[in-house]
>>> print(open('model_13.csv').read())   # CSV, C-alpha atoms
chain,number,residue,atom,x,y,z
A,1,MET,CA,38.3,-1.2,-14.9
A,2,ILE,CA,40.3,0.2,-12.1
A,3,LEU,CA,44.0,-0.6,-11.9
A,4,PHE,CA,45.8,0.7,-8.8
A,5,ASN,CA,49.6,0.6,-9.3
A,6,ASN,CA,52.4,1.1,-6.8
A,7,SER,CA,52.7,4.8,-6.7
A,8,LYS,CA,53.8,7.2,-4.1
A,9,LYS,CA,51.0,7.9,-1.7
A,10,THR,CA,49.9,11.5,-1.2
A,11,GLU,CA,48.8,12.3,2.4
A,12,ARG,CA,45.1,13.4,2.5
A,13,THR,CA,42.9,14.7,5.3
A,14,GLU,CA,40.1,12.6,6.7
A,15,ASP,CA,37.6,14.8,4.9
A,16,GLU,CA,39.4,14.4,1.6
A,17,LYS,CA,39.4,10.6,2.1
A,18,LYS,CA,35.7,10.6,2.9
A,19,ASP,CA,35.0,12.6,-0.3
A,20,GLN,CA,37.0,10.2,-2.3
A,21,ILE,CA,35.2,7.2,-1.0
A,22,MET,CA,31.7,8.5,-1.7
A,23,ASP,CA,31.3,11.6,-3.8
A,24,ILE,CA,27.5,11.9,-3.7
A,25,LYS,CA,27.4,15.2,-5.7
A,26,GLN,CA,29.5,13.7,-8.5
A,27,ILE,CA,27.2,10.7,-8.6
A,28,GLU,CA,24.2,13.0,-8.9
A,29,SER,CA,25.9,15.2,-11.5
A,30,ASP,CA,27.0,12.3,-13.7
A,31,ILE,CA,23.7,10.5,-13.6
A,32,SER,CA,21.7,13.7,-14.3
A,33,GLU,CA,23.8,14.4,-17.3
A,34,PHE,CA,23.5,10.8,-18.6
A,35,TYR,CA,19.7,10.7,-18.2
A,36,ASN,CA,19.2,14.2,-19.7
A,37,LYS,CA,20.9,12.8,-22.8
A,38,SER,CA,18.9,9.7,-22.6
A,39,GLU,CA,15.7,11.8,-22.6
A,40,ARG,CA,16.9,13.5,-25.8
A,41,MET,CA,17.4,10.1,-27.5
A,42,ARG,CA,14.0,9.0,-26.5
A,43,GLU,CA,12.5,12.2,-28.0
A,44,PHE,CA,14.3,11.6,-31.3
A,45,THR,CA,13.2,8.0,-31.6
A,46,LEU,CA,9.7,8.7,-30.5
A,47,GLU,CA,9.3,11.3,-33.2
A,48,ALA,CA,10.6,9.0,-35.9
A,49,PHE,CA,8.4,6.1,-34.5
A,50,GLU,CA,5.3,8.2,-34.5
A,51,ALA,CA,5.9,9.3,-38.1
A,52,PHE,CA,6.4,5.7,-39.2
A,53,SER,CA,3.3,4.5,-37.3
A,54,GLU,CA,1.2,7.1,-39.1
A,55,LEU,CA,2.6,5.9,-42.4
A,56,GLU,CA,2.0,2.3,-41.5
A,57,GLU,CA,-1.6,2.9,-40.5
A,58,PHE,CA,-2.3,4.8,-43.7
A,59,ILE,CA,-0.8,2.0,-45.9
A,60,SER,CA,-2.8,-0.7,-44.1
A,61,SER,CA,-6.1,1.2,-45.0
A,62,ASN,CA,-5.2,1.9,-48.7
A,63,LYS,CA,-4.6,-0.3,-51.7
A,64,ASN,CA,-2.7,2.0,-54.0
A,65,THR,CA,0.8,0.4,-54.4
A,66,LYS,CA,2.3,3.3,-56.3
A,67,GLU,CA,1.1,5.7,-53.5
A,68,TYR,CA,2.8,3.4,-50.9
A,69,ARG,CA,6.1,3.8,-52.7
A,70,ASN,CA,5.8,7.6,-52.8
A,71,LEU,CA,4.8,7.7,-49.1
A,72,ILE,CA,7.8,5.5,-48.1
A,73,LYS,CA,10.1,7.6,-50.2
A,74,THR,CA,8.8,10.8,-48.6
A,75,PHE,CA,9.1,9.3,-45.1
A,76,PHE,CA,12.8,8.4,-45.5
A,77,GLU,CA,13.5,11.8,-47.1
A,78,GLU,CA,11.8,13.7,-44.2
A,79,ASN,CA,13.1,11.5,-41.4
A,80,GLY,CA,16.6,10.9,-42.6
A,81,LYS,CA,17.7,13.7,-40.3
A,82,TYR,CA,16.6,11.7,-37.4
A,83,SER,CA,18.9,8.8,-38.3
A,84,PHE,CA,21.8,11.2,-38.5
A,85,ARG,CA,20.8,12.9,-35.2
A,86,LEU,CA,20.5,9.5,-33.6
A,87,LYS,CA,23.9,8.4,-34.7
A,88,VAL,CA,25.4,11.6,-33.4
A,89,PHE,CA,23.6,11.2,-30.1
A,90,LEU,CA,24.5,7.6,-29.6
A,91,GLY,CA,28.1,8.7,-30.2
A,92,GLU,CA,27.7,11.3,-27.4
A,93,ILE,CA,26.2,8.7,-25.1
A,94,GLU,CA,29.1,6.3,-25.7
A,95,LYS,CA,31.6,9.1,-24.9
A,96,THR,CA,29.6,9.9,-21.7
A,97,ILE,CA,29.6,6.2,-20.6
A,98,LYS,CA,33.4,6.0,-21.2
A,99,LYS,CA,33.9,9.1,-19.1
A,100,LEU,CA,31.8,7.9,-16.2
A,101,SER,CA,33.7,6.1,-13.5
A,102,LEU,CA,30.8,3.7,-13.4
A,103,ASP,CA,32.1,2.0,-16.4
A,104,GLU,CA,35.7,2.2,-15.3
A,105,VAL,CA,34.5,-0.3,-12.8
A,106,SER,CA,31.6,-2.0,-14.5
A,107,GLY,CA,31.7,-2.2,-18.2
A,108,LEU,CA,30.2,-5.7,-18.8
A,109,GLN,CA,32.7,-6.4,-21.6
A,110,ILE,CA,35.6,-6.4,-19.1
A,111,LYS,CA,34.4,-9.6,-17.5
A,112,LYS,CA,36.7,-11.2,-20.1
A,113,LEU,CA,39.4,-8.8,-19.1
A,114,CYS,CA,39.0,-9.8,-15.5
A,115,TYR,CA,39.7,-13.4,-16.4
A,116,HIS,CA,42.7,-12.3,-18.5
A,117,HIS,CA,44.1,-10.3,-15.6
A,118,LEU,CA,43.5,-13.0,-13.1
A,119,THR,CA,45.2,-15.6,-15.4
A,120,ASN,CA,48.3,-13.4,-15.7
A,121,LEU,CA,48.5,-12.9,-11.9
A,122,ILE,CA,48.4,-16.7,-11.3
A,123,ILE,CA,51.1,-17.2,-14.0
A,124,LYS,CA,53.2,-14.5,-12.3
A,125,ARG,CA,52.7,-16.1,-8.9
A,126,GLU,CA,53.8,-19.5,-10.2
A,127,ASN,CA,57.0,-18.1,-11.6
A,128,ILE,CA,58.2,-16.2,-8.5
A,129,GLU,CA,58.7,-17.2,-4.9
A,130,LYS,CA,56.1,-15.8,-2.6
A,131,SER,CA,57.4,-13.5,0.1
A,132,ASN,CA,55.9,-13.4,3.5
A,133,SER,CA,54.2,-10.0,3.2
A,134,SER,CA,50.6,-8.9,3.0
A,135,ASN,CA,51.3,-5.7,1.2
A,136,ILE,CA,48.8,-5.0,-1.6
A,137,ASN,CA,50.6,-4.5,-4.9
A,138,GLY,CA,47.4,-3.7,-6.8
A,139,ILE,CA,43.6,-4.0,-6.7
A,140,GLU,CA,41.3,-4.3,-9.7
A,141,ALA,CA,37.6,-4.0,-9.4
A,142,TYR,CA,35.1,-5.2,-12.1
A,143,ARG,CA,31.4,-5.3,-12.6
A,144,TYR,CA,31.0,-9.0,-13.3
A,145,GLY,CA,27.3,-9.2,-14.2
A,146,GLY,CA,24.0,-7.5,-13.7
A,147,ASP,CA,24.3,-7.1,-9.9
A,148,GLU,CA,27.7,-8.8,-9.3
A,149,PHE,CA,31.1,-7.3,-8.8
A,150,VAL,CA,34.6,-8.8,-8.5
A,151,VAL,CA,37.6,-7.4,-6.7
A,152,VAL,CA,41.0,-9.0,-7.5
A,153,ILE,CA,43.7,-8.3,-4.9
A,154,ASP,CA,47.4,-8.9,-5.8
A,155,ARG,CA,49.7,-9.3,-2.8
A,156,ASN,CA,53.2,-10.6,-2.3
A,157,ILE,CA,51.8,-13.7,-0.6
A,158,GLY,CA,49.3,-14.4,-3.4
A,159,VAL,CA,46.2,-13.6,-5.3
A,160,GLU,CA,42.8,-13.0,-3.6
A,161,VAL,CA,39.3,-12.8,-5.2
A,162,VAL,CA,36.3,-11.0,-3.5
A,163,PHE,CA,32.9,-11.7,-5.1
A,164,ILE,CA,30.2,-9.2,-4.3
A,165,ASP,CA,26.5,-9.7,-4.9
A,166,LEU,CA,23.9,-7.0,-4.6
A,167,MET,CA,20.5,-8.1,-3.0
A,168,TYR,CA,17.1,-7.2,-4.4
A,169,LEU,CA,18.2,-5.2,-7.4
A,170,ASN,CA,14.9,-6.1,-9.1
A,171,TYR,CA,13.0,-4.5,-6.2
A,172,PHE,CA,15.0,-1.2,-6.8
A,173,ASN,CA,13.9,-1.4,-10.4
A,174,GLU,CA,10.3,-1.9,-9.4
A,175,ILE,CA,10.2,0.9,-6.8
A,176,GLY,CA,12.3,3.5,-8.7
A,177,GLY,CA,11.9,2.4,-12.2
A,178,HIS,CA,14.9,1.2,-14.3
A,179,ARG,CA,16.5,4.6,-13.7
A,180,GLY,CA,16.4,3.8,-10.0
A,181,GLY,CA,17.9,0.4,-10.7
A,182,ASP,CA,20.6,2.0,-12.8
A,183,GLN,CA,21.4,4.4,-10.0
A,184,THR,CA,21.7,1.5,-7.6
A,185,ILE,CA,24.3,-0.2,-9.9
A,186,TYR,CA,26.1,3.1,-10.3
A,187,ALA,CA,26.2,3.8,-6.6
A,188,SER,CA,27.5,0.3,-6.0
A,189,SER,CA,30.2,0.8,-8.5
A,190,LYS,CA,31.3,4.1,-6.9
A,191,ILE,CA,31.2,2.6,-3.4
A,192,ILE,CA,33.4,-0.3,-4.4
A,193,GLU,CA,35.7,1.9,-6.5
A,194,GLY,CA,36.2,4.4,-3.7
A,195,THR,CA,36.7,1.8,-1.0
A,196,VAL,CA,39.3,-0.4,-2.8
A,197,ASN,CA,41.2,2.8,-3.8
A,198,GLU,CA,41.6,3.7,-0.2
A,199,PHE,CA,43.5,0.4,0.5
A,200,LYS,CA,46.0,0.4,-2.4
A,201,ASN,CA,49.7,0.0,-1.5
A,202,LYS,CA,48.8,-1.0,2.1
A,203,ALA,CA,49.4,-4.0,4.3
A,204,ILE,CA,45.9,-4.7,5.5
A,205,LYS,CA,43.7,-7.8,6.0
A,206,THR,CA,41.2,-8.6,3.3
A,207,LYS,CA,38.6,-8.9,6.0
A,208,ASP,CA,39.1,-5.3,6.8
A,209,ILE,CA,38.6,-4.3,3.2
A,210,ILE,CA,35.4,-6.4,3.0
A,211,ASP,CA,34.1,-4.9,6.3
A,212,LYS,CA,34.8,-1.4,5.0
A,213,ILE,CA,32.9,-2.1,1.7
A,214,ALA,CA,30.0,-3.4,3.7
A,215,SER,CA,30.0,-0.4,6.0
A,216,ASN,CA,30.1,2.0,3.1
A,217,PHE,CA,27.1,0.2,1.6
A,218,ASN,CA,25.2,0.4,4.9
A,219,ASN,CA,25.8,4.1,5.2
A,220,PHE,CA,25.1,5.1,1.7
A,221,LYS,CA,22.1,7.5,1.0
A,222,PHE,CA,20.6,8.2,-2.5
A,223,ASP,CA,20.1,11.7,-3.7
A,224,SER,CA,16.8,13.6,-3.2
A,225,ASN,CA,15.5,12.6,-6.7
A,226,PHE,CA,15.6,8.9,-5.6
A,227,ASN,CA,15.0,9.3,-1.9
A,228,ILE,CA,12.4,6.6,-2.1
A,229,LEU,CA,15.2,4.1,-2.6
A,230,ASN,CA,16.6,4.9,0.8
A,231,LYS,CA,13.6,3.0,2.2
A,232,LEU,CA,14.9,-0.2,0.6
A,233,PHE,CA,17.3,-2.7,2.1
A,234,PHE,CA,20.6,-1.8,0.3
A,235,HIS,CA,22.7,-4.8,1.1
A,236,ILE,CA,25.6,-6.9,-0.3
A,237,ASP,CA,26.8,-10.4,0.2
A,238,ILE,CA,30.5,-11.2,-0.1
A,239,GLY,CA,32.4,-14.3,-0.9
A,240,TYR,CA,36.2,-14.7,-0.7
A,241,SER,CA,38.9,-17.0,-2.1
A,242,ASN,CA,42.7,-17.1,-2.4
A,243,ASP,CA,45.2,-19.0,-4.4
A,244,GLY,CA,46.6,-20.7,-1.3
A,245,GLU,CA,43.4,-22.9,-1.5
A,246,LEU,CA,44.5,-24.2,-4.9
A,247,ILE,CA,47.2,-26.4,-3.4
A,248,GLU,CA,44.7,-28.2,-1.2
A,249,ILE,CA,42.3,-28.5,-4.1
A,250,GLU,CA,45.1,-29.9,-6.4
A,251,GLU,CA,46.0,-32.6,-3.9
A,252,LYS,CA,42.3,-33.7,-3.4
A,253,PHE,CA,41.7,-33.6,-7.1
A,254,GLN,CA,44.6,-35.8,-7.9
A,255,LYS,CA,43.4,-38.4,-5.4
A,256,GLU,CA,39.9,-38.3,-6.9
A,257,LEU,CA,41.4,-38.8,-10.4
A,258,GLU,CA,43.3,-41.8,-9.1
A,259,ASN,CA,40.4,-43.3,-7.2
A,260,ASN,CA,38.2,-43.0,-10.3
A,261,ASN,CA,40.8,-44.4,-12.7
A,262,ILE,CA,40.8,-41.3,-14.8
A,263,GLU,CA,43.7,-41.5,-17.3
A,264,ASN,CA,44.1,-37.7,-17.7
A,265,ARG,CA,45.8,-36.9,-14.4
A,266,SER,CA,47.6,-33.8,-15.6
A,267,PRO,CA,47.9,-30.9,-13.1
A,268,LEU,CA,45.4,-28.1,-13.0
A,269,THR,CA,45.8,-25.7,-15.9
A,270,ILE,CA,46.1,-21.9,-15.3
A,271,GLU,CA,42.6,-21.5,-16.8
A,272,GLU,CA,41.2,-24.1,-14.4
A,273,LYS,CA,42.9,-22.3,-11.4
A,274,ARG,CA,41.4,-19.0,-12.5
A,275,GLU,CA,37.9,-20.5,-12.8
A,276,ILE,CA,38.3,-22.2,-9.4
A,277,LEU,CA,39.2,-18.9,-7.6
A,278,VAL,CA,36.1,-17.2,-9.1
A,279,GLU,CA,33.9,-20.2,-8.5
A,280,LEU,CA,35.0,-20.5,-4.8
A,281,ALA,CA,34.2,-16.9,-4.1
A,282,ASP,CA,31.0,-17.0,-6.1
A,283,ILE,CA,29.7,-20.1,-4.2
A,284,ARG,CA,30.4,-18.5,-0.9
A,285,SER,CA,28.8,-15.2,-2.0
A,286,ASP,CA,25.7,-17.2,-3.1
A,287,TYR,CA,25.6,-18.9,0.3
A,288,GLN,CA,25.7,-15.5,2.1
A,289,LYS,CA,23.0,-14.2,-0.2
A,290,LYS,CA,20.6,-17.1,0.7
A,291,ALA,CA,21.4,-17.1,4.4
A,292,SER,CA,21.1,-13.3,4.8
A,293,LYS,CA,17.9,-13.2,2.7
A,294,ILE,CA,16.2,-15.9,4.8
A,295,PHE,CA,17.4,-14.2,8.0
A,296,PHE,CA,16.2,-10.8,6.8
A,297,LEU,CA,12.8,-12.2,5.8
A,298,MET,CA,12.5,-14.1,9.1
A,299,LYS,CA,13.0,-11.0,11.1
A,300,LEU,CA,10.4,-9.1,9.0
A,301,TYR,CA,8.0,-12.1,9.3
A,302,LYS,CA,8.3,-12.2,13.1
A,303,GLU,CA,7.6,-8.4,13.3
A,304,SER,CA,4.7,-8.7,10.8
A,305,GLU,CA,2.6,-10.5,13.4
A,306,ASN,CA,2.0,-7.3,15.3
A,307,ASN,CA,3.1,-4.6,12.8
A,308,SER,CA,1.1,-4.0,9.5
A,309,MET,CA,4.0,-2.0,8.1
A,310,ALA,CA,6.4,-4.9,8.6
A,311,LYS,CA,3.9,-7.2,6.9
A,312,ASN,CA,3.7,-4.9,3.9
A,313,ILE,CA,7.5,-4.7,3.6
A,314,PHE,CA,7.7,-8.5,4.0
A,315,ASP,CA,5.1,-9.0,1.3
A,316,GLY,CA,7.1,-6.6,-1.0
A,317,TYR,CA,10.4,-8.4,-0.6
A,318,ALA,CA,8.8,-11.8,-0.6
A,319,SER,CA,7.3,-11.1,-4.0
A,320,PHE,CA,10.8,-10.7,-5.4
A,321,THR,CA,12.1,-13.9,-3.8
A,322,LYS,CA,12.4,-17.1,-5.8
A,323,LYS,CA,10.6,-20.1,-4.3
A,324,ILE,CA,9.1,-18.0,-1.5
A,325,ASN,CA,6.9,-21.0,-0.4
A,326,ASN,CA,10.1,-23.0,0.4
A,327,ILE,CA,11.6,-19.9,2.2
A,328,LYS,CA,8.4,-19.5,4.3
A,329,ALA,CA,8.5,-23.2,5.2
A,330,ILE,CA,12.1,-22.7,6.4
A,331,ILE,CA,11.2,-19.6,8.3
A,332,LEU,CA,8.4,-21.3,10.2
A,333,LYS,CA,10.5,-24.3,11.0
A,334,VAL,CA,13.3,-22.1,12.3
A,335,ILE,CA,11.0,-19.9,14.4
A,336,GLU,CA,9.3,-22.9,15.9
A,337,SER,CA,12.7,-24.5,16.8
A,338,SER,CA,14.0,-21.7,19.1
A,339,ASP,CA,13.6,-18.1,20.3
A,340,ASN,CA,17.4,-17.6,20.3
A,341,GLU,CA,18.4,-15.6,17.3
A,342,ASP,CA,21.9,-17.1,17.2
A,343,ILE,CA,20.5,-20.7,17.1
A,344,GLN,CA,17.9,-19.5,14.5
A,345,PHE,CA,20.7,-18.2,12.3
A,346,LYS,CA,22.7,-21.4,12.7
A,347,LYS,CA,19.7,-23.4,11.4
A,348,ILE,CA,19.2,-20.9,8.6
A,349,SER,CA,22.9,-21.4,7.7
A,350,GLU,CA,22.3,-25.1,7.5
A,351,GLU,CA,19.3,-24.7,5.2
A,352,ALA,CA,21.3,-22.2,3.0
A,353,GLU,CA,24.2,-24.6,2.7
A,354,LYS,CA,21.8,-27.4,1.6
A,355,MET,CA,20.5,-25.1,-1.1
A,356,ILE,CA,24.0,-24.3,-2.3
A,357,ILE,CA,25.0,-28.0,-2.4
A,358,LYS,CA,21.8,-28.9,-4.3
A,359,ILE,CA,22.2,-26.2,-6.9
A,360,ASN,CA,25.9,-27.0,-7.5
A,361,LYS,CA,25.3,-30.7,-7.6
A,362,ILE,CA,22.8,-30.1,-10.5
A,363,MET,CA,25.4,-28.0,-12.2
A,364,ILE,CA,28.1,-30.7,-11.7
A,365,SER,CA,25.8,-33.4,-13.1
A,366,GLU,CA,25.3,-31.4,-16.3
A,367,LYS,CA,29.0,-31.5,-17.1
A,368,THR,CA,29.8,-34.0,-19.7
A,369,ASN,CA,33.5,-34.4,-18.9
A,370,GLN,CA,34.3,-36.7,-16.0
A,371,ARG,CA,37.4,-34.8,-15.1
A,372,GLY,CA,35.4,-31.6,-14.9
A,373,LYS,CA,32.8,-33.3,-12.7
A,374,LEU,CA,35.4,-34.5,-10.2
A,375,LEU,CA,37.1,-31.1,-10.2
A,376,TYR,CA,34.0,-29.2,-9.3
A,377,GLU,CA,33.0,-31.8,-6.7
A,378,VAL,CA,36.3,-30.9,-5.0
A,379,VAL,CA,35.8,-27.2,-5.5
A,380,LEU,CA,32.3,-27.4,-4.0
A,381,SER,CA,33.6,-29.3,-1.0
A,382,GLN,CA,36.4,-26.7,-0.5
A,383,ALA,CA,33.9,-23.8,-0.8
A,384,ILE,CA,31.5,-25.3,1.8
A,385,LYS,CA,34.4,-26.2,4.1
A,386,ASN,CA,35.4,-22.5,4.4
A,387,LEU,CA,32.0,-20.8,4.5
A,388,SER,CA,31.9,-17.7,6.6
A,389,LYS,CA,28.8,-18.2,8.7
A,390,LYS,CA,28.6,-14.7,10.2
A,391,LYS,CA,25.2,-13.4,11.2
A,392,PRO,CA,24.3,-10.2,9.3
A,393,GLU,CA,23.5,-7.1,11.2
A,394,ILE,CA,20.0,-6.1,10.2
A,395,ASP,CA,18.0,-3.5,12.2
A,396,ILE,CA,14.4,-4.3,11.2
A,397,ASN,CA,13.0,-1.5,13.3
A,398,ASN,CA,15.1,1.0,11.4
A,399,ILE,CA,13.9,-0.4,8.1
A,400,ILE,CA,10.3,-0.2,9.3
A,401,ASN,CA,10.8,3.4,10.4
A,402,LYS,CA,12.4,4.3,7.1
A,403,TRP,CA,9.4,2.9,5.2
A,404,GLY,CA,7.1,5.1,7.3
A,405,ILE,CA,8.8,8.3,6.1
A,406,ASP,CA,7.1,10.0,3.1
>>> encode(input="model_13.csv", output="structure tokens")
Amino acid sequence: MILFNNSKKTERTEDEKKDQIMDIKQIESDISEFYNKSERMREFTLEAFEAFSELEEFISSNKNTKEYRNLIKTFFEENGKYSFRLKVFLGEIEKTIKKLSLDEVSGLQIKKLCYHHLTNLIIKRENIEKSNSSNINGIEAYRYGGDEFVVVIDRNIGVEVVFIDLMYLNYFNEIGGHRGGDQTIYASSKIIEGTVNEFKNKAIKTKDIIDKIASNFNNFKFDSNFNILNKLFFHIDIGYSNDGELIEIEEKFQKELENNNIENRSPLTIEEKREILVELADIRSDYQKKASKIFFLMKLYKESENNSMAKNIFDGYASFTKKINNIKAIILKVIESSDNEDIQFKKISEEAEKMIIKINKIMISEKTNQRGKLLYEVVLSQAIKNLSKKKPEIDINNIINKWGID
């Protein structure tokens, strides 16, 4: 977790700021140290496993029960040292993980802490009068899931949530192995950490923070050991919400409760408000992910007609896209409808919005509580109403050229 409190700002040069945002050498050093230790752990476990496998094979081909007992006793006596070494080593790994700034951002266990912090901020906001200032009091960044991150911004005017989703992490795993995927997550954490740290204690629009995060992702380069990952499309999709939206949702929700004769018409709880803020940002991020993914694949598909490299790249990404046949059908329909890229993206946006509504309608239908169903109908409506339908900047020729580099 990162918590940026109000503290006196120290002036830094542009170079120092740049180093703080993206310390590539520190990333390389931390990851190398972590994986060197991981190699040691694998060696220890492999030795113990091989010894036990030999014992198991011998036992399966012999019938002497007494001899089994002696062999098992000998095995544990001889290999007990490995158990001790493994315990010591796991302790060292745990210390390393705690030390890495990766897990200051992204320990999965702090998803609960994210909710706790967001709840406290909402309570605080309800107990004080909001002043007309956009000054950032604090920013907290969390790794929310496998490839998802949340940034919680506390301002005088209210609380804001930014939900960040990393595209094609499974492809990074495939190309660079799980070590490559781990480095992708680690790099993402460092980029988000460095960027939000730059904006603490400032009066700046959230859009500018989001644009800066996206820019730092676009400009990131992996170290030489994982140079192959630089060929991949390293892209994020971002959704946004703020607690000002809760007022509008509350009003609509109360009308829905009344129209459906629901007896329990109590106001939204703090926990419900917290869930709503995350849900709004998540839905919008998911929309961006679907729209940008279809747009990206469409551009590759159009290039693939005359470029074999583009076709190979398209096939690679398509193989890691769920329901690719549906996506291809959308791509063909959009291409046939117009040659204008802005019009094409508008149609892609419409299709992505339909997908989001369909998925969330299914989720709503699975809720057993009528109050819960009505609430999330309103939340979905609010999320769709304020979707940011901005066309992503994707340079397909640049991606094709990168893939051509050995």
>>> closest_atom_pairs(input="model_13.csv", of="region 259-303 of chain A", to="region 228-242 of chain A", cutoff="6 Å", atoms="only C-alpha atoms", output="Markdown table")
| residue | atom | partner | partner_atom | distance |
| --- | --- | --- | --- | --- |
| A:Leu277 | CA | A:Ser241 | CA | 5.8 |
| A:Leu280 | CA | A:Ser241 | CA | 5.9 |
| A:Ala281 | CA | A:Gly239 | CA | 4.5 |
| A:Arg284 | CA | A:Gly239 | CA | 4.7 |
| A:Ser285 | CA | A:Gly239 | CA | 3.9 |
| A:Gln288 | CA | A:Asp237 | CA | 5.6 |
| A:Lys289 | CA | A:Asp237 | CA | 5.4 |
>>> write_last_selection(input="model_13.csv", atoms="C-alpha atoms", output="tab-separated table (two decimals), keeping the file's coordinate frame")
chain	number	residue	atom	x	y	z
A	277	LEU	CA	39.20	-18.90	-7.60
A	280	LEU	CA	35.00	-20.50	-4.80
A	281	ALA	CA	34.20	-16.90	-4.10
A	284	ARG	CA	30.40	-18.50	-0.90
A	285	SER	CA	28.80	-15.20	-2.00
A	288	GLN	CA	25.70	-15.50	2.10
A	289	LYS	CA	23.00	-14.20	-0.20
>>> atom_distance(input="model_13.csv", atom1="CA of Ser188 (chain A)", atom2="CA of Tyr144 (chain A)")
12.3 Å
>>> residues_around(input="model_13.csv", residues="Phe314 (chain A)", least_positions_apart="3", cutoff="8 Å", atoms="only C-alpha atoms", output="list in words")
Leu297, Leu300, Tyr301, Ser304, Ala310, Lys311, Tyr317 and Ala318 of chain A
>>> atom_distance(input="model_13.csv", atom1="CA of Glu251 (chain A)", atom2="CA of Thr206 (chain A)")
25.5 Å
>>> residues_near_point(input="model_13.csv", point="(11.9, -10.1, 9.4)", cutoff="12 Å", atoms="all atoms listed in the file", output="number ranges by chain")
A: 233, 292-307, 309-318, 328, 331-332, 335, 341, 394-400
>>> atom_distance(input="model_13.csv", atom1="CA of Ile210 (chain A)", atom2="CA of Val196 (chain A)")
9.2 Å
>>> residues_around(input="model_13.csv", residues="Arg371 (chain A)", least_positions_apart="6", cutoff="9 Å", atoms="all atoms listed in the file", output="ChimeraX atom specification")
/A:257,262,264-265
>>> closest_residue(input="model_13.csv", among="A:Glu271, A:Val162, A:Gln254, A:Leu380", to="Leu121 (chain A)", atoms="all atoms listed in the file")
A:Glu271
>>> closest_residue(input="model_13.csv", among="A:Lys367, A:His116, A:Arg143, A:Lys354", to="Asp286 (chain A)", atoms="only C-alpha atoms")
A:Lys354
>>> closest_residue(input="model_13.csv", among="A:Ile343, A:Leu169, A:Leu387, A:Ile364", to="Thr184 (chain A)", atoms="all atoms listed in the file")
A:Leu169
>>> residues_around(input="model_13.csv", residues="Lys373 (chain A)", least_positions_apart="5", cutoff="10 Å", atoms="all atoms listed in the file", output="list in words")
Lys361, Met363, Ile364, Ser365, Glu366, Lys367, Thr368, Val378 and Val379 of chain A
>>> closest_residue(input="model_13.csv", among="A:Val150, A:Ala187, A:Val159, A:Cys114", to="Leu246 (chain A)", atoms="all atoms listed in the file")
A:Val159
>>> closest_residue(input="model_13.csv", among="A:Ile209, A:Glu272, A:Asp342, A:Glu245", to="Glu393 (chain A)", atoms="only C-alpha atoms")
A:Asp342
>>> closest_residue(input="model_13.csv", among="A:Lys391, A:Val334, A:Ser134, A:Gly176", to="Phe199 (chain A)", atoms="all atoms listed in the file")
A:Ser134
